[in-house]
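Asks: Can you keep this structure in mind? I'll have questions shortly.
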Amino acid sequence: MTEDAIVVEGLEKSYGAVHALRGVDFAARTGSVLGLLGPNGAGKTTAVRILATLLEADGGSARVAGLDVKRDAAKLRARIGLAGQYAAVDENLTGFENLEMVGQLYHMRRKDARERATDLLERFDLTDAANRAAKTYSGGMRRRLDLAAALVYRPPVLFLDEPTTGLDPRSRLQLWETIEGRVAAGTTVLLTTQYLDEADRLADRIVVIDQGGVIAEGTADELKAQIGGERLDVVLEDMSDAETAVSVLADMCLERPSIENHTVSVPVSTHKGMIAEAVRRLDGAGVEIDDIRLHRPTLDDVFIALTGHAAADEPSSTELQIPEEMRA
Amino acid sequence: MSTLALSGSDTLVLARRNLKRIRYQPDLLIAYTIQPVMFVLLFVYVFGGAIDSGPFDYVDFLMPGIMAQSIAFGGFVTALGLSEDVQKGLIDRFRSLPMSRAAVLLGRTGSDVLLNCLSIVVLFAVGFAAGFGFIGATAGEIVLGIVLLLCMGYAFSWIFALVGLFSSTPETANSIGFTLIFPLTFASSMFVPASTMPDGLRQFAEANPFTTFADALRSLWLDTPAHSDVWMSFVWIAVLLAIFAPLAVARYKQVAAK
């Protein structure tokens with residue numbers, strides 16, 4: 001039996017009196033993408049820093065690519081790649097020089113490092129910018145260069161720490177495609193994110209963490225099922241039509257629609273063609289509608305369902321005490 | 001390859017990186033060239049006439065001091081560069097790579113040495129233009145003075161490395177450098193003879209290693225009789241390195257991005 005590429009057991013880390021991680025367990029199958037989902041200050045970055053050998057845990061154990069993150073740290077560094085929200089590239093080097101330098105620091109021969117750099121720039125759509133200083137790059141280009149740097153040595157395990165935080169929607173989509181296209185081939189990926197749609201799109205399994213602990217785990221579908229999945233909200237012109245609306249929509253939905261204010265909420269299993277079908281039926285029954293929209297579960301829904309507080313809330317009082325430099 | 005060879009090659013890769021960066025940050029060169037020139041001109045022509053430098057022309061007295069000051073501050077680029085690397089997350093990348101744990105700092109301090117060589121050339125040029133000349137110095141003494149300057153600059157690079165790793169931004173590094181270290185250079189015999197200072201300050205200046213460095217250079221280049229300052233300078237350099245290099249490496253292993 002092959003060992004999982006990432007195995008984390010009872011991981012603990014405190015900064016003074018603040019518990020950033022309080023006994024976290026999770027595992028990622030070799031070749032899979034594990035999403036670590038949680039709000040700011042949940043402990044995601046602390047976990048990644050421990051796994052990437054940048055930080056030592058206070059308790060528990062972690063193995064990556066079969067190596068202990070503490071005992072075998074030096075060996076492990078040759079088998080991991082790290083990229084993330086900081087886009088750790090040297091702004092005063094060109095894109096090519098950045099990748100060449102990283103290759104050489106992995107102790108590749110200079111010629112090999114250069115070939116690899118050229119190849120990666122090509123694959124990440126940065127060839128035109130290869131000989132420009134990275135400080136002239138857009139946010140999205142920097143993240144792509146950062147990701148390319150993490151892949152220079154073809155690491156079997158890749159850590160992506162909030163890879164799209166702060167990016168505009170277009171660059172975000174581009175980066176997702178890059179991650180999907182380049183990374184899925186056999187590489188094990190640990191991805192941290194604040195966005196459910198990101199975890200949903202990229203991750204095979206999702207671990208939800210909040211305030212230093214795991215609060216849920218499963219595939220995106222399992223998590224969504226746990227919190228109610230998608231629903232169709234129909235806002236009626238006239239509330240006296242409510243019962244009619246419920247009866248014509250009843251067989252489209254998973255459970256009985258609920259009525260609140262002027263809105264009929266219809267839990268649905270798929271959103272394909274749902275709006276058109278609902279409009280046709282309501283129109284046929286003479287029900288006038290003010291608005292109709294599909295509501296997809298968000299991270300907020302997950303958090304409200306699982307913890308009773310919204311992910312976008314101000315960090316709770318304990319998290320606020322984590323000094324900035326330690327939160328990293 | 002052996003660990004030592006790997007660490008040497010990592011150091012070279014990073015030193016080359018630091019030098020390449022200058023193409024896109026030409027303002028850094030100002031610290032190495034224009035700034036020392038301004039200091040020489042300021043002290044020789046503005047203050048110089050009012051300073052009693054004993055038996056020497058002021059420019060002769062000044063040049064060893066101003067060179068020691070400029071080279072000590074050459075390592076300042078290390079503080080700026082490292083705090084920037086910390087801020088931008090590059091230190092995280094380096095620490096996650098299978099490279100030598102000392103290479104980032106060795107590469108930094110090593111590239112400072114090259115830049116300090118450039119500074120020395122510029123300083124000699126402007127010094128000679130302003131009327132500086134060696135007095136009774138053999139070629140060996142001149143070279144020993146330059147070696148002393150470079151070694152001292154190297155030791156200070158490690159102090160600045162520590163400053164950089166403790167600074168959350170390049171601006172912080174800047175203010176630590178200029179509020180804590182810069183005044184120390186003035187409370188010494190670098191610009192004026194310590195004997196002209198009031199009690200208290202004079203004793204401080206005499207114990208200040210900057211005085212030792214400046215007086216050592218004067219003994220080598222101007223034939224002043226303070227020869228113990230030469231070996232004392234090397235003792236100071238060894239002590240500073242022994243204290244600050246391990247501290248900087250220890251800090252590097254702990255440091256985290258913002």
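In the structure tokens, the first chain shown is A, the next is B, and so on; residue numbers restart at 1 for each chain, and ligands run from 1 in the order shown.
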Report as a tab-separated table: every residue of chain A with an atom at most 7 Å from chain B, its closest pair of atoms, and their distance in Å to one decimal, counting only C-alpha atoms, with rows sorted by chain and ascending residue number.
Replies:
residue	atom	partner	partner_atom	distance
A:Ala52	CA	B:Ser96	CA	6.2
A:Thr53	CA	B:Ser96	CA	6.5
A:Leu54	CA	B:Ser96	CA	6.5
A:Ala74	CA	B:Pro98	CA	6.2
A:Arg77	CA	B:Pro98	CA	4.8
A:Ala78	CA	B:Pro98	CA	5.2
A:Leu82	CA	B:Arg93	CA	6.9
A:Tyr86	CA	B:Gly89	CA	5.8
A:Ala88	CA	B:Leu90	CA	4.7
A:Val89	CA	B:Leu90	CA	6.3
A:Asn92	CA	B:Arg21	CA	4.9
A:Leu93	CA	B:Arg21	CA	5.8
A:Met101	CA	B:Val13	CA	6.7
A:Leu105	CA	B:Met99	CA	5.9
A:Tyr106	CA	B:Pro98	CA	6.0
A:Glu324	CA	B:Lys258	CA	6.8
A:Glu325	CA	B:Lys258	CA	5.1
A:Ala328	CA	B:Lys258	CA	5.0
Asks: Given the selection you just returned, output its residues as a file containing N, CA and C atoms, formatted as a PDB file, in the first residue's frame.
Replies:
ATOM      1  N   ALA A  52       5.813  22.924   4.832  1.00  0.00           N
ATOM      2  CA  ALA A  52       6.863  23.345   3.903  1.00  0.00           C
ATOM      3  C   ALA A  52       8.196  23.567   4.633  1.00  0.00           C
ATOM      4  N   THR A  53       8.286  23.118   5.867  1.00  0.00           N
ATOM      5  CA  THR A  53       9.504  23.160   6.691  1.00  0.00           C
ATOM      6  C   THR A  53       9.915  24.581   7.083  1.00  0.00           C
ATOM      7  N   LEU A  54       9.011  25.543   6.972  1.00  0.00           N
ATOM      8  CA  LEU A  54       9.378  26.913   7.335  1.00  0.00           C
ATOM      9  C   LEU A  54       9.164  27.171   8.819  1.00  0.00           C
ATOM     10  N   ALA A  74      15.636  18.700   5.574  1.00  0.00           N
ATOM     11  CA  ALA A  74      16.581  19.039   4.505  1.00  0.00           C
ATOM     12  C   ALA A  74      16.284  18.228   3.239  1.00  0.00           C
ATOM     13  N   ARG A  77      12.933  19.261   1.391  1.00  0.00           N
ATOM     14  CA  ARG A  77      12.897  20.505   0.599  1.00  0.00           C
ATOM     15  C   ARG A  77      13.140  20.257  -0.887  1.00  0.00           C
ATOM     16  N   ALA A  78      13.804  19.145  -1.227  1.00  0.00           N
ATOM     17  CA  ALA A  78      14.024  18.845  -2.638  1.00  0.00           C
ATOM     18  C   ALA A  78      12.773  18.244  -3.278  1.00  0.00           C
ATOM     19  N   LEU A  82       6.577  25.515  -3.367  1.00  0.00           N
ATOM     20  CA  LEU A  82       5.728  26.402  -2.579  1.00  0.00           C
ATOM     21  C   LEU A  82       5.392  27.637  -3.407  1.00  0.00           C
ATOM     22  N   TYR A  86       1.918  35.542  -1.779  1.00  0.00           N
ATOM     23  CA  TYR A  86       2.974  36.546  -1.755  1.00  0.00           C
ATOM     24  C   TYR A  86       3.665  36.677  -3.106  1.00  0.00           C
ATOM     25  N   ALA A  88       6.270  35.112  -4.416  1.00  0.00           N
ATOM     26  CA  ALA A  88       7.647  35.344  -4.001  1.00  0.00           C
ATOM     27  C   ALA A  88       8.604  35.287  -5.184  1.00  0.00           C
ATOM     28  N   VAL A  89       8.583  36.342  -5.979  1.00  0.00           N
ATOM     29  CA  VAL A  89       9.527  36.446  -7.084  1.00  0.00           C
ATOM     30  C   VAL A  89      10.381  37.677  -6.845  1.00  0.00           C
ATOM     31  N   ASN A  92      13.316  42.545  -9.189  1.00  0.00           N
ATOM     32  CA  ASN A  92      14.407  43.182  -9.915  1.00  0.00           C
ATOM     33  C   ASN A  92      15.215  42.204 -10.755  1.00  0.00           C
ATOM     34  N   LEU A  93      14.644  41.030 -10.975  1.00  0.00           N
ATOM     35  CA  LEU A  93      15.201  40.110 -11.964  1.00  0.00           C
ATOM     36  C   LEU A  93      14.130  39.916 -13.033  1.00  0.00           C
ATOM     37  N   MET A 101      17.444  31.113 -11.508  1.00  0.00           N
ATOM     38  CA  MET A 101      18.009  31.139 -10.156  1.00  0.00           C
ATOM     39  C   MET A 101      17.423  30.016  -9.302  1.00  0.00           C
ATOM     40  N   LEU A 105      19.332  26.911  -7.544  1.00  0.00           N
ATOM     41  CA  LEU A 105      19.286  26.684  -6.096  1.00  0.00           C
ATOM     42  C   LEU A 105      18.758  25.286  -5.761  1.00  0.00           C
ATOM     43  N   TYR A 106      18.087  24.651  -6.726  1.00  0.00           N
ATOM     44  CA  TYR A 106      17.745  23.229  -6.586  1.00  0.00           C
ATOM     45  C   TYR A 106      18.927  22.369  -7.028  1.00  0.00           C
ATOM     46  N   GLU A 324       0.794  40.180  13.602  1.00  0.00           N
ATOM     47  CA  GLU A 324       0.873  40.082  12.152  1.00  0.00           C
ATOM     48  C   GLU A 324       2.025  39.222  11.677  1.00  0.00           C
ATOM     49  N   GLU A 325       3.195  39.431  12.270  1.00  0.00           N
ATOM     50  CA  GLU A 325       4.365  38.747  11.721  1.00  0.00           C
ATOM     51  C   GLU A 325       4.282  37.253  11.943  1.00  0.00           C
ATOM     52  N   ALA A 328       1.704  35.547   9.315  1.00  0.00           N
ATOM     53  CA  ALA A 328       2.378  35.308   8.040  1.00  0.00           C
ATOM     54  C   ALA A 328       1.450  34.890   6.932  1.00  0.00           C
TER      55      ALA A 328
END
Asks: Select from region 3-226 of chain A everything DSSP, run on the backbone, classes as helix (DSSP H, G or I), then give the selection as a PyMOL selection string.
Replies: chain A and resi 44-51+73-79+95-105+110-123+127-129+134-136+139-151+169-183+196-202+220-226
Asks: Residues of the last selection are to be written out with C-alpha atoms, as a PDB file, in the first residue's frame.
Replies:
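Generated output (again_15.pdb):
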ATOM      1  CA  LYS A  44      -4.335  27.465   7.051  1.00  0.00           C
ATOM      2  CA  THR A  45      -1.104  29.301   6.459  1.00  0.00           C
ATOM      3  CA  THR A  46       0.409  28.037   9.699  1.00  0.00           C
ATOM      4  CA  ALA A  47      -0.319  24.478   8.559  1.00  0.00           C
ATOM      5  CA  VAL A  48       1.289  25.075   5.160  1.00  0.00           C
ATOM      6  CA  ARG A  49       4.338  26.715   6.724  1.00  0.00           C
ATOM      7  CA  ILE A  50       4.853  23.698   8.961  1.00  0.00           C
ATOM      8  CA  LEU A  51       4.475  21.279   6.045  1.00  0.00           C
ATOM      9  CA  ALA A  73      13.425  18.649   6.590  1.00  0.00           C
ATOM     10  CA  ALA A  74      16.581  19.039   4.505  1.00  0.00           C
ATOM     11  CA  LYS A  75      15.718  16.061   2.283  1.00  0.00           C
ATOM     12  CA  LEU A  76      12.095  17.077   2.046  1.00  0.00           C
ATOM     13  CA  ARG A  77      12.897  20.505   0.599  1.00  0.00           C
ATOM     14  CA  ALA A  78      14.024  18.845  -2.638  1.00  0.00           C
ATOM     15  CA  ARG A  79      10.571  17.287  -3.010  1.00  0.00           C
ATOM     16  CA  GLY A  95      11.099  36.259 -15.350  1.00  0.00           C
ATOM     17  CA  PHE A  96      13.748  34.083 -16.954  1.00  0.00           C
ATOM     18  CA  GLU A  97      16.385  34.978 -14.361  1.00  0.00           C
ATOM     19  CA  ASN A  98      13.963  34.210 -11.533  1.00  0.00           C
ATOM     20  CA  LEU A  99      13.357  30.695 -12.801  1.00  0.00           C
ATOM     21  CA  GLU A 100      17.004  30.128 -13.681  1.00  0.00           C
ATOM     22  CA  MET A 101      18.009  31.139 -10.156  1.00  0.00           C
ATOM     23  CA  VAL A 102      15.482  28.819  -8.536  1.00  0.00           C
ATOM     24  CA  GLY A 103      16.655  25.958 -10.753  1.00  0.00           C
ATOM     25  CA  GLN A 104      20.243  26.560  -9.762  1.00  0.00           C
ATOM     26  CA  LEU A 105      19.286  26.684  -6.096  1.00  0.00           C
ATOM     27  CA  ARG A 110      23.009  25.814 -15.291  1.00  0.00           C
ATOM     28  CA  LYS A 111      22.172  24.577 -18.771  1.00  0.00           C
ATOM     29  CA  ASP A 112      19.311  22.431 -17.462  1.00  0.00           C
ATOM     30  CA  ALA A 113      18.027  25.284 -15.293  1.00  0.00           C
ATOM     31  CA  ARG A 114      17.953  27.562 -18.341  1.00  0.00           C
ATOM     32  CA  GLU A 115      16.158  25.007 -20.505  1.00  0.00           C
ATOM     33  CA  ARG A 116      13.627  24.403 -17.782  1.00  0.00           C
ATOM     34  CA  ALA A 117      13.101  28.159 -17.330  1.00  0.00           C
ATOM     35  CA  THR A 118      12.466  28.661 -21.047  1.00  0.00           C
ATOM     36  CA  ASP A 119      10.096  25.721 -21.093  1.00  0.00           C
ATOM     37  CA  LEU A 120       8.113  26.899 -18.069  1.00  0.00           C
ATOM     38  CA  LEU A 121       7.836  30.477 -19.330  1.00  0.00           C
ATOM     39  CA  GLU A 122       6.424  29.084 -22.545  1.00  0.00           C
ATOM     40  CA  ARG A 123       3.917  26.888 -20.743  1.00  0.00           C
ATOM     41  CA  THR A 127       7.548  34.037 -23.052  1.00  0.00           C
ATOM     42  CA  ASP A 128       6.932  37.581 -24.265  1.00  0.00           C
ATOM     43  CA  ALA A 129       7.730  38.934 -20.817  1.00  0.00           C
ATOM     44  CA  ALA A 134       9.245  41.057 -12.866  1.00  0.00           C
ATOM     45  CA  LYS A 135       8.281  44.376 -11.319  1.00  0.00           C
ATOM     46  CA  THR A 136       6.688  45.295 -14.652  1.00  0.00           C
ATOM     47  CA  GLY A 139      -0.556  40.641 -10.487  1.00  0.00           C
ATOM     48  CA  GLY A 140      -1.696  37.636 -12.477  1.00  0.00           C
ATOM     49  CA  MET A 141       1.628  37.322 -14.312  1.00  0.00           C
ATOM     50  CA  ARG A 142       3.514  37.438 -11.018  1.00  0.00           C
ATOM     51  CA  ARG A 143       1.411  34.624  -9.600  1.00  0.00           C
ATOM     52  CA  ARG A 144       2.022  32.573 -12.718  1.00  0.00           C
ATOM     53  CA  LEU A 145       5.751  33.188 -12.447  1.00  0.00           C
ATOM     54  CA  ASP A 146       5.598  32.269  -8.764  1.00  0.00           C
ATOM     55  CA  LEU A 147       3.769  29.054  -9.602  1.00  0.00           C
ATOM     56  CA  ALA A 148       6.299  28.303 -12.347  1.00  0.00           C
ATOM     57  CA  ALA A 149       9.105  28.786  -9.802  1.00  0.00           C
ATOM     58  CA  ALA A 150       7.429  26.256  -7.519  1.00  0.00           C
ATOM     59  CA  LEU A 151       7.353  23.742 -10.379  1.00  0.00           C
ATOM     60  CA  PRO A 169     -11.639  37.545 -11.676  1.00  0.00           C
ATOM     61  CA  ARG A 170      -9.998  37.129 -15.072  1.00  0.00           C
ATOM     62  CA  SER A 171      -6.508  36.457 -13.706  1.00  0.00           C
ATOM     63  CA  ARG A 172      -8.082  34.163 -11.172  1.00  0.00           C
ATOM     64  CA  LEU A 173      -9.709  32.079 -13.845  1.00  0.00           C
ATOM     65  CA  GLN A 174      -6.465  31.983 -15.809  1.00  0.00           C
ATOM     66  CA  LEU A 175      -4.541  30.812 -12.770  1.00  0.00           C
ATOM     67  CA  TRP A 176      -7.116  28.128 -12.056  1.00  0.00           C
ATOM     68  CA  GLU A 177      -6.706  26.844 -15.595  1.00  0.00           C
ATOM     69  CA  THR A 178      -2.950  26.892 -15.165  1.00  0.00           C
ATOM     70  CA  ILE A 179      -3.140  24.978 -11.904  1.00  0.00           C
ATOM     71  CA  GLU A 180      -5.533  22.438 -13.398  1.00  0.00           C
ATOM     72  CA  GLY A 181      -3.609  22.051 -16.607  1.00  0.00           C
ATOM     73  CA  ARG A 182      -0.091  21.846 -15.229  1.00  0.00           C
ATOM     74  CA  VAL A 183      -0.432  20.377 -11.818  1.00  0.00           C
ATOM     75  CA  LEU A 196     -15.498  27.763  -1.721  1.00  0.00           C
ATOM     76  CA  ASP A 197     -15.740  28.064  -5.488  1.00  0.00           C
ATOM     77  CA  GLU A 198     -11.971  27.736  -5.723  1.00  0.00           C
ATOM     78  CA  ALA A 199     -11.872  24.637  -3.537  1.00  0.00           C
ATOM     79  CA  ASP A 200     -14.902  23.310  -5.394  1.00  0.00           C
ATOM     80  CA  ARG A 201     -13.236  23.713  -8.754  1.00  0.00           C
ATOM     81  CA  LEU A 202      -9.729  22.516  -7.910  1.00  0.00           C
ATOM     82  CA  ALA A 220     -17.285  19.494  -2.390  1.00  0.00           C
ATOM     83  CA  ASP A 221     -20.571  17.704  -3.056  1.00  0.00           C
ATOM     84  CA  GLU A 222     -20.637  16.145   0.379  1.00  0.00           C
ATOM     85  CA  LEU A 223     -20.055  19.525   2.007  1.00  0.00           C
ATOM     86  CA  LYS A 224     -22.714  21.165  -0.082  1.00  0.00           C
ATOM     87  CA  ALA A 225     -25.176  18.406   0.680  1.00  0.00           C
ATOM     88  CA  GLN A 226     -24.434  19.034   4.336  1.00  0.00           C
TER      89      GLN A 226
END
Asks: Give the answer as one residue: which of A:Arg71, A:Arg154, A:Arg29, A:Arg22 has the shortest atom-to-atom distance to Ala42 (chain A), using only C-alpha atoms?
Replies: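 Among the listed residues, A:Arg22 lies closest to Ala42 (chain A).
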Asks: Considering only strand (DSSP E or B) as DSSP defines it on the backbone, what residues of region 62-141 of chain A qualify? List them as a PyMOL selection string.
Replies: chain A and resi 62-64+67-68+80-84+94+133
Asks: Can I get the selected residues back with N, CA and C atoms, as an mmCIF file, in the first residue's frame?
Replies:
data_model
loop_
_atom_site.group_PDB
_atom_site.id
_atom_site.type_symbol
_atom_site.label_atom_id
_atom_site.label_comp_id
_atom_site.auth_asym_id
_atom_site.auth_seq_id
_atom_site.Cartn_x
_atom_site.Cartn_y
_atom_site.Cartn_z
ATOM 1 N N ALA A 62 3.825 15.339 11.118
ATOM 2 C CA ALA A 62 3.422 15.525 9.736
ATOM 3 C C ALA A 62 4.450 14.863 8.843
ATOM 4 N N ARG A 63 3.955 14.118 7.868
ATOM 5 C CA ARG A 63 4.826 13.484 6.884
ATOM 6 C C ARG A 63 4.401 13.951 5.495
ATOM 7 N N VAL A 64 5.399 14.320 4.705
ATOM 8 C CA VAL A 64 5.131 14.753 3.337
ATOM 9 C C VAL A 64 6.034 13.937 2.422
ATOM 10 N N LEU A 67 8.351 11.680 4.095
ATOM 11 C CA LEU A 67 9.428 12.207 4.939
ATOM 12 C C LEU A 67 8.839 13.026 6.085
ATOM 13 N N ASP A 68 9.469 12.916 7.239
ATOM 14 C CA ASP A 68 9.028 13.672 8.407
ATOM 15 C C ASP A 68 9.434 15.133 8.245
ATOM 16 N N ILE A 80 9.415 19.376 -2.530
ATOM 17 C CA ILE A 80 8.215 20.204 -2.424
ATOM 18 C C ILE A 80 8.385 21.489 -3.236
ATOM 19 N N GLY A 81 7.265 22.051 -3.618
ATOM 20 C CA GLY A 81 7.259 23.373 -4.237
ATOM 21 C C GLY A 81 6.267 24.223 -3.460
ATOM 22 N N LEU A 82 6.577 25.515 -3.367
ATOM 23 C CA LEU A 82 5.728 26.402 -2.579
ATOM 24 C C LEU A 82 5.392 27.637 -3.407
ATOM 25 N N ALA A 83 4.127 27.954 -3.497
ATOM 26 C CA ALA A 83 3.723 29.186 -4.179
ATOM 27 C C ALA A 83 2.521 29.746 -3.449
ATOM 28 N N GLY A 84 2.257 31.006 -3.666
ATOM 29 C CA GLY A 84 1.109 31.525 -2.944
ATOM 30 C C GLY A 84 0.855 32.992 -3.106
ATOM 31 N N THR A 94 14.552 39.453 -14.197
ATOM 32 C CA THR A 94 13.561 39.141 -15.226
ATOM 33 C C THR A 94 12.873 37.821 -14.863
ATOM 34 N N ALA A 133 11.888 42.898 -16.357
ATOM 35 C CA ALA A 133 11.937 42.802 -14.895
ATOM 36 C C ALA A 133 10.553 42.430 -14.382
#
Asks: Work out how far CA of Val268 (chain A) is from CA of Glu255 (chain A), in Å to one decimal.
Replies: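 Pair CA of Glu255 (chain A) / CA of Val268 (chain A) returns 8.3 Å.
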Asks: Measuring atom to atom with only C-alpha atoms, identify which of A:Gly23, A:Gly16, A:Pro155, A:Gly31 is nearest to Glu3 (chain A).
Replies: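 Result for the nearest residue to Glu3 (chain A): A:Gly31.
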Asks: Smallest atom-to-atom distance to Phe186 (chain B): which of B:Tyr45, B:Phe210, B:Phe166, B:Phe61, using only C-alpha atoms?
Replies: B:Phe210
Asks: In terms of the shortest atom-to-atom distance over only C-alpha atoms, which of A:Met252, A:Ala27, A:Ala216, A:Ile289 is closest to Lys272 (chain A)?
Replies: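 For Lys272 (chain A), the nearest of the given residues is A:Met252.
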